[in-house]
file run.pdb (PDB, C-alpha atoms)
ATOM      1  CA  MET K   6     -48.097 -36.547 -16.546
ATOM      2  CA  LEU K   7     -48.396 -34.968 -19.990
ATOM      3  CA  ASP K   8     -51.663 -34.879 -21.852
ATOM      4  CA  ALA K   9     -51.617 -37.666 -24.457
ATOM      5  CA  ASP K  10     -53.157 -35.379 -27.075
ATOM      6  CA  VAL K  11     -50.380 -32.809 -26.759
ATOM      7  CA  ILE K  12     -47.361 -35.142 -26.786
ATOM      8  CA  PRO K  13     -47.755 -38.890 -27.228
ATOM      9  CA  MET K  14     -45.413 -40.960 -25.092
ATOM     10  CA  TRP K  15     -43.858 -42.620 -28.151
ATOM     11  CA  ARG K  16     -42.524 -39.246 -29.316
ATOM     12  CA  LEU K  17     -40.782 -38.687 -25.994
ATOM     13  CA  LEU K  18     -39.338 -42.189 -26.110
ATOM     14  CA  ALA K  19     -38.164 -41.754 -29.711
ATOM     15  CA  ALA K  20     -36.560 -38.397 -28.934
ATOM     16  CA  GLY K  21     -34.845 -39.868 -25.886
ATOM     17  CA  LEU K  22     -33.560 -42.880 -27.817
ATOM     18  CA  ALA K  23     -32.255 -40.583 -30.537
ATOM     19  CA  MET K  24     -29.762 -39.268 -27.975
ATOM     20  CA  LEU K  25     -27.886 -42.565 -28.452
ATOM     21  CA  VAL K  26     -27.073 -41.690 -32.086
ATOM     22  CA  PRO K  27     -24.358 -39.090 -31.303
ATOM     23  CA  TRP K  28     -22.718 -41.433 -28.810
ATOM     24  CA  GLY K  29     -22.651 -44.273 -31.348
ATOM     25  CA  LEU K  30     -21.124 -41.987 -33.955
ATOM     26  CA  ALA K  31     -18.628 -40.679 -31.425
ATOM     27  CA  LEU K  32     -17.518 -44.187 -30.494
ATOM     28  CA  LEU K  33     -16.996 -45.011 -34.177
ATOM     29  CA  LEU K  34     -14.977 -41.844 -34.715
ATOM     30  CA  VAL K  35     -12.902 -42.347 -31.558
ATOM     31  CA  ALA K  36     -12.139 -45.952 -32.519
ATOM     32  CA  ASP K  37     -10.519 -44.638 -35.712
ATOM     33  CA  HIS K  38      -7.910 -42.740 -33.664
ATOM     34  CA  LYS K  39      -4.553 -44.172 -32.675
ATOM     35  CA  PRO K  40      -4.703 -45.980 -29.321
ATOM     36  CA  GLU K  41      -2.648 -43.329 -27.531
ATOM     37  CA  ARG K  42      -4.992 -40.559 -28.773
ATOM     38  CA  ARG K  43      -8.322 -42.241 -27.959
ATOM     39  CA  ILE K  44      -8.591 -40.941 -24.392
ATOM     40  CA  ARG K  45      -8.086 -37.349 -25.533
ATOM     41  CA  ALA K  46     -10.611 -37.832 -28.346
ATOM     42  CA  LEU K  47     -13.187 -39.345 -25.988
ATOM     43  CA  SER K  48     -12.738 -36.498 -23.518
ATOM     44  CA  ALA K  49     -13.178 -34.040 -26.412
ATOM     45  CA  VAL K  50     -16.422 -35.821 -27.346
ATOM     46  CA  THR K  51     -17.723 -35.601 -23.777
ATOM     47  CA  ALA K  52     -16.827 -31.921 -23.595
ATOM     48  CA  ALA K  53     -18.473 -31.313 -26.990
ATOM     49  CA  PHE K  54     -21.636 -33.007 -25.717
ATOM     50  CA  ALA K  55     -21.768 -30.690 -22.700
ATOM     51  CA  LEU K  56     -20.855 -27.669 -24.812
ATOM     52  CA  THR K  57     -23.691 -28.428 -27.219
ATOM     53  CA  LEU K  58     -26.228 -28.731 -24.412
ATOM     54  CA  LEU K  59     -25.186 -25.356 -23.051
ATOM     55  CA  ALA K  60     -24.880 -23.482 -26.368
ATOM     56  CA  TYR K  61     -28.062 -24.887 -27.888
ATOM     57  CA  TYR K  62     -30.056 -24.198 -24.719
ATOM     58  CA  ALA K  63     -28.747 -20.649 -24.350
ATOM     59  CA  VAL K  64     -28.751 -19.438 -27.970
ATOM     60  CA  GLY K  65     -29.339 -22.182 -30.511
ATOM     61  CA  PHE K  66     -32.946 -23.037 -29.671
ATOM     62  CA  ALA K  67     -34.003 -19.412 -30.145
ATOM     63  CA  LEU K  68     -32.208 -19.101 -33.478
ATOM     64  CA  HIS K  69     -33.628 -22.436 -34.613
ATOM     65  CA  PHE K  70     -37.247 -22.306 -33.443
ATOM     66  CA  GLY K  71     -37.749 -18.657 -32.423
ATOM     67  CA  GLY K  72     -40.156 -18.026 -35.290
ATOM     68  CA  ILE K  73     -41.891 -21.385 -35.603
ATOM     69  CA  GLY K  74     -45.059 -20.015 -34.067
ATOM     70  CA  LEU K  75     -45.515 -17.887 -37.198
ATOM     71  CA  ARG K  76     -45.705 -21.008 -39.347
ATOM     72  CA  TYR K  77     -47.581 -23.398 -37.071
ATOM     73  CA  GLU K  78     -50.497 -22.176 -35.007
ATOM     74  CA  HIS K  79     -50.419 -24.004 -31.689
ATOM     75  CA  PRO K  80     -51.051 -22.504 -28.241
ATOM     76  CA  ASP K  81     -47.762 -23.909 -26.921
ATOM     77  CA  LEU K  82     -45.841 -22.034 -29.633
ATOM     78  CA  ASP K  83     -47.346 -18.609 -28.951
ATOM     79  CA  ALA K  84     -44.104 -17.328 -27.410
ATOM     80  CA  LEU K  85     -42.021 -18.339 -30.440
ATOM     81  CA  VAL K  86     -43.234 -15.787 -32.983
ATOM     82  CA  TRP K  87     -40.289 -13.468 -33.599
ATOM     83  CA  GLU K  88     -38.330 -14.052 -36.818
ATOM     84  CA  TRP K  89     -35.626 -11.783 -38.256
ATOM     85  CA  SER K  90     -35.405 -11.163 -41.985
ATOM     86  CA  ALA K  91     -32.985  -9.038 -43.989
ATOM     87  CA  LEU K  92     -35.683  -8.425 -46.592
ATOM     88  CA  ASN K  93     -38.295  -5.706 -46.375
ATOM     89  CA  GLU K  94     -41.753  -6.756 -45.190
ATOM     90  CA  ASN K  95     -43.111  -5.820 -48.636
ATOM     91  CA  TRP K  96     -41.554  -9.084 -49.853
ATOM     92  CA  GLY K  97     -43.724 -10.996 -47.392
ATOM     93  CA  ALA K  98     -43.542 -12.225 -43.826
ATOM     94  CA  THR K  99     -42.205 -15.691 -44.624
ATOM     95  CA  TRP K 100     -38.592 -14.832 -45.482
ATOM     96  CA  GLY K 101     -37.331 -15.529 -41.948
ATOM     97  CA  MET K 102     -33.596 -15.998 -41.494
ATOM     98  CA  ALA K 103     -33.176 -16.356 -37.734
ATOM     99  CA  GLY K 104     -35.511 -16.818 -34.814
ATOM    100  CA  LEU K 105     -35.301 -14.176 -32.113
ATOM    101  CA  ALA K 106     -37.560 -15.563 -29.374
ATOM    102  CA  GLY K 107     -36.811 -18.183 -26.744
ATOM    103  CA  PHE K 108     -33.213 -17.458 -25.719
ATOM    104  CA  GLY K 109     -32.554 -19.669 -22.716
ATOM    105  CA  LEU K 110     -36.080 -21.036 -23.255
ATOM    106  CA  THR K 111     -37.585 -17.852 -21.817
ATOM    107  CA  GLY K 112     -41.302 -17.952 -22.446
ATOM    108  CA  ALA K 113     -40.985 -21.283 -24.254
ATOM    109  CA  ARG K 114     -41.223 -23.793 -21.411
ATOM    110  CA  THR K 115     -44.268 -25.526 -22.829
ATOM    111  CA  PRO K 116     -44.494 -29.261 -23.601
ATOM    112  CA  VAL K 117     -44.338 -28.777 -27.361
ATOM    113  CA  ALA K 118     -41.367 -26.382 -27.163
ATOM    114  CA  LEU K 119     -39.506 -28.762 -24.857
ATOM    115  CA  LEU K 120     -40.191 -31.615 -27.276
ATOM    116  CA  LEU K 121     -38.759 -29.465 -30.076
ATOM    117  CA  LEU K 122     -35.657 -28.945 -27.947
ATOM    118  CA  LEU K 123     -35.342 -32.641 -27.174
ATOM    119  CA  SER K 124     -35.868 -33.682 -30.780
ATOM    120  CA  ALA K 125     -33.305 -31.219 -32.183
ATOM    121  CA  LEU K 126     -30.553 -31.928 -29.646
ATOM    122  CA  PRO K 127     -29.299 -35.240 -31.152
ATOM    123  CA  ALA K 128     -28.627 -33.648 -34.538
ATOM    124  CA  ALA K 129     -27.005 -30.612 -32.921
ATOM    125  CA  ILE K 130     -24.808 -32.846 -30.775
ATOM    126  CA  THR K 131     -23.842 -34.946 -33.798
ATOM    127  CA  ALA K 132     -22.878 -31.849 -35.809
ATOM    128  CA  THR K 133     -20.799 -30.520 -32.928
ATOM    129  CA  ILE K 134     -19.047 -33.840 -32.288
ATOM    130  CA  ILE K 135     -18.111 -34.132 -35.962
ATOM    131  CA  THR K 136     -16.766 -30.580 -35.939
ATOM    132  CA  VAL K 137     -14.787 -30.956 -32.714
ATOM    133  CA  LEU K 138     -13.308 -34.344 -33.606
ATOM    134  CA  SER K 139     -12.279 -33.162 -37.058
ATOM    135  CA  VAL K 140     -10.195 -30.269 -35.711
ATOM    136  CA  HIS K 141      -9.117 -31.329 -32.207
ATOM    137  CA  ASP K 142      -5.856 -32.927 -33.429
ATOM    138  CA  ARG K 143      -5.007 -30.105 -35.821
ATOM    139  CA  ALA K 144      -5.774 -27.080 -33.653
ATOM    140  CA  PRO K 145      -5.507 -26.139 -30.002
ATOM    141  CA  LEU K 146      -8.286 -27.648 -27.928
ATOM    142  CA  ALA K 147      -9.685 -24.216 -27.020
ATOM    143  CA  LEU K 148     -10.069 -23.362 -30.712
ATOM    144  CA  ALA K 149     -11.737 -26.719 -31.382
ATOM    145  CA  PHE K 150     -14.253 -26.015 -28.612
ATOM    146  CA  LEU K 151     -14.832 -22.478 -29.893
ATOM    147  CA  ILE K 152     -15.624 -23.880 -33.337
ATOM    148  CA  GLY K 153     -17.834 -26.533 -31.726
ATOM    149  CA  GLY K 154     -19.672 -23.904 -29.688
ATOM    150  CA  LEU K 155     -20.289 -21.823 -32.801
ATOM    151  CA  THR K 156     -21.557 -24.922 -34.585
ATOM    152  CA  ALA K 157     -23.988 -25.760 -31.759
ATOM    153  CA  GLY K 158     -25.067 -22.205 -30.991
ATOM    154  CA  VAL K 159     -25.138 -20.559 -34.422
ATOM    155  CA  GLY K 160     -24.372 -22.757 -37.452
ATOM    156  CA  TYR K 161     -26.676 -25.723 -36.959
ATOM    157  CA  PRO K 162     -29.565 -23.617 -35.556
ATOM    158  CA  LEU K 163     -29.512 -21.169 -38.470
ATOM    159  CA  LEU K 164     -29.584 -23.956 -41.042
ATOM    160  CA  GLY K 165     -32.307 -25.656 -39.022
ATOM    161  CA  ASN K 166     -34.336 -22.452 -38.974
ATOM    162  CA  TRP K 167     -34.112 -22.070 -42.721
ATOM    163  CA  THR K 168     -35.200 -25.647 -43.373
ATOM    164  CA  GLU K 169     -37.669 -26.502 -40.590
ATOM    165  CA  GLY K 170     -38.049 -23.665 -38.109
ATOM    166  CA  GLY K 171     -40.207 -21.394 -40.240
ATOM    167  CA  GLY K 172     -37.379 -19.952 -42.322
ATOM    168  CA  TRP K 173     -37.099 -18.943 -45.930
ATOM    169  CA  LEU K 174     -36.061 -22.279 -47.479
ATOM    170  CA  ALA K 175     -39.025 -24.130 -46.021
ATOM    171  CA  ASN K 176     -41.340 -21.350 -47.216
ATOM    172  CA  LEU K 177     -40.207 -21.204 -50.841
ATOM    173  CA  GLY K 178     -43.558 -22.669 -51.840
ATOM    174  CA  VAL K 179     -45.328 -19.712 -50.240
ATOM    175  CA  ASN K 180     -42.749 -17.101 -51.229
ATOM    176  CA  ILE K 181     -42.165 -17.841 -54.908
ATOM    177  CA  GLY K 182     -44.540 -20.706 -55.639
ATOM    178  CA  ALA K 183     -41.787 -23.331 -55.844
ATOM    179  CA  GLY K 184     -43.840 -26.395 -54.952
ATOM    180  CA  GLN K 185     -43.762 -27.258 -51.256
ATOM    181  CA  GLY K 186     -40.507 -25.448 -50.575
ATOM    182  CA  PHE K 187     -37.501 -27.221 -49.114
ATOM    183  CA  LEU K 188     -38.430 -30.491 -47.420
ATOM    184  CA  ASP K 189     -35.899 -32.194 -45.160
ATOM    185  CA  PHE K 190     -37.167 -35.610 -44.227
ATOM    186  CA  GLY K 191     -35.494 -36.894 -41.068
ATOM    187  CA  HIS K 192     -32.693 -34.287 -41.136
ATOM    188  CA  SER K 193     -31.136 -36.121 -44.072
ATOM    189  CA  ALA K 194     -29.791 -32.960 -45.666
TER     190      ALA K 194
END
call {"tool": "encode", "arguments": {"input": "run.pdb", "output": "structure tokens"}}
result
Amino acid sequence: MLDADVIPMWRLLAAGLAMLVPWGLALLLVADHKPERRIRALSAVTAAFALTLLAYYAVGFALHFGGIGLRYEHPDLDALVWEWSALNENWGATWGMAGLAGFGLTGARTPVALLLLLSALPAAITATIITVLSVHDRAPLALAFLIGGLTAGVGYPLLGNWTEGGGWLANLGVNIGAGQGFLDFGHSA
């Protein structure tokens, strides 16, 4: 049983229920297909779901939250403190562009890190499903899955790092004094 102070049960329930969002979107998108193409589209959605779980677990989580421990001081985030930046350190330490810690969740198997993984998966799955379903009729299926894998493993995590994982957009307030920096309430952007 998890300590209630570390992760309240309602957060786990909310993160688990959020996994229904990609499936609801997928069913809406599949219903728009012609009847003879719906089975192929639904199988592409199921494969995209599995592909996202694998790519985000292996690479995406590290790129997304690999430097979040630099921004938020919490004992469960001590392993996630490595952020890459193309700028010199003279510009400051808050210009992170990609996290570099936690590939395959190595060193990040703490309750808070696992909650971060669980809370980011629905949005990553949704982005991948949209990508795969938009190209699966126009391109070979292998190419659609390659694009989906890059979306789940690189594209979505990098944008997530910039906006919420301790990256440069979220730290514009610290870096250049631009208010609070970029705020993304509920992944609406």
call {"tool": "residues_around", "arguments": {"input": "run.pdb", "residues": "Gly104 in chain K", "least_positions_apart": "5", "cutoff": "9 Å", "atoms": "only C-alpha atoms", "output": "count of residues only"}}
result
18
call {"tool": "axis_aligned_box", "arguments": {"input": "run.pdb", "around": "range 18-25 of chain K", "padding_each_side": "3 Å", "output": "JSON"}}
result
{"center_x": -33.6, "center_y": -40.6, "center_z": -28.2, "size_x": 17.5, "size_y": 10.5, "size_z": 10.7}
call {"tool": "atom_distance", "arguments": {"input": "run.pdb", "atom1": "CA of Ile130 in chain K", "atom2": "CA of Gly29 in chain K"}}
result
11.6 Å
call {"tool": "closest_residue", "arguments": {"input": "run.pdb", "among": "K:Ala63, K:Ala128, K:Ala49, K:Ala55", "to": "Pro27 in chain K", "atoms": "all atoms listed in the file"}}
result
K:Ala128
call {"tool": "residues_around", "arguments": {"input": "run.pdb", "residues": "Pro80 in chain K", "least_positions_apart": "3", "cutoff": "12 Å", "atoms": "all atoms listed in the file", "output": "PDB file with C-alpha atoms, in the coordinates of the input"}}
result
ATOM      1  CA  VAL K  11     -50.380 -32.809 -26.759  1.00  0.00           C
ATOM      2  CA  ILE K  73     -41.891 -21.385 -35.603  1.00  0.00           C
ATOM      3  CA  GLY K  74     -45.059 -20.015 -34.067  1.00  0.00           C
ATOM      4  CA  LEU K  75     -45.515 -17.887 -37.198  1.00  0.00           C
ATOM      5  CA  TYR K  77     -47.581 -23.398 -37.071  1.00  0.00           C
ATOM      6  CA  ASP K  83     -47.346 -18.609 -28.951  1.00  0.00           C
ATOM      7  CA  ALA K  84     -44.104 -17.328 -27.410  1.00  0.00           C
ATOM      8  CA  LEU K  85     -42.021 -18.339 -30.440  1.00  0.00           C
ATOM      9  CA  VAL K  86     -43.234 -15.787 -32.983  1.00  0.00           C
ATOM     10  CA  ALA K 113     -40.985 -21.283 -24.254  1.00  0.00           C
ATOM     11  CA  THR K 115     -44.268 -25.526 -22.829  1.00  0.00           C
ATOM     12  CA  PRO K 116     -44.494 -29.261 -23.601  1.00  0.00           C
ATOM     13  CA  VAL K 117     -44.338 -28.777 -27.361  1.00  0.00           C
ATOM     14  CA  ALA K 118     -41.367 -26.382 -27.163  1.00  0.00           C
TER      15      ALA K 118
END
call {"tool": "residues_around", "arguments": {"input": "run.pdb", "residues": "Ala23 in chain K", "least_positions_apart": "2", "cutoff": "9 Å", "atoms": "only C-alpha atoms", "output": "list in words"}}
result
Leu18, Ala19, Ala20, Gly21, Leu25, Val26, Pro27, Ser124, Leu126, Pro127 and Ala128 of chain K
call {"tool": "closest_residue", "arguments": {"input": "run.pdb", "among": "K:Pro13, K:Gly153, K:Gly107, K:Gly184", "to": "Tyr62 in chain K", "atoms": "only C-alpha atoms"}}
result
K:Gly107
call {"tool": "atom_distance", "arguments": {"input": "run.pdb", "atom1": "CA of Trp28 in chain K", "atom2": "CA of Tyr61 in chain K"}}
result
17.4 Å
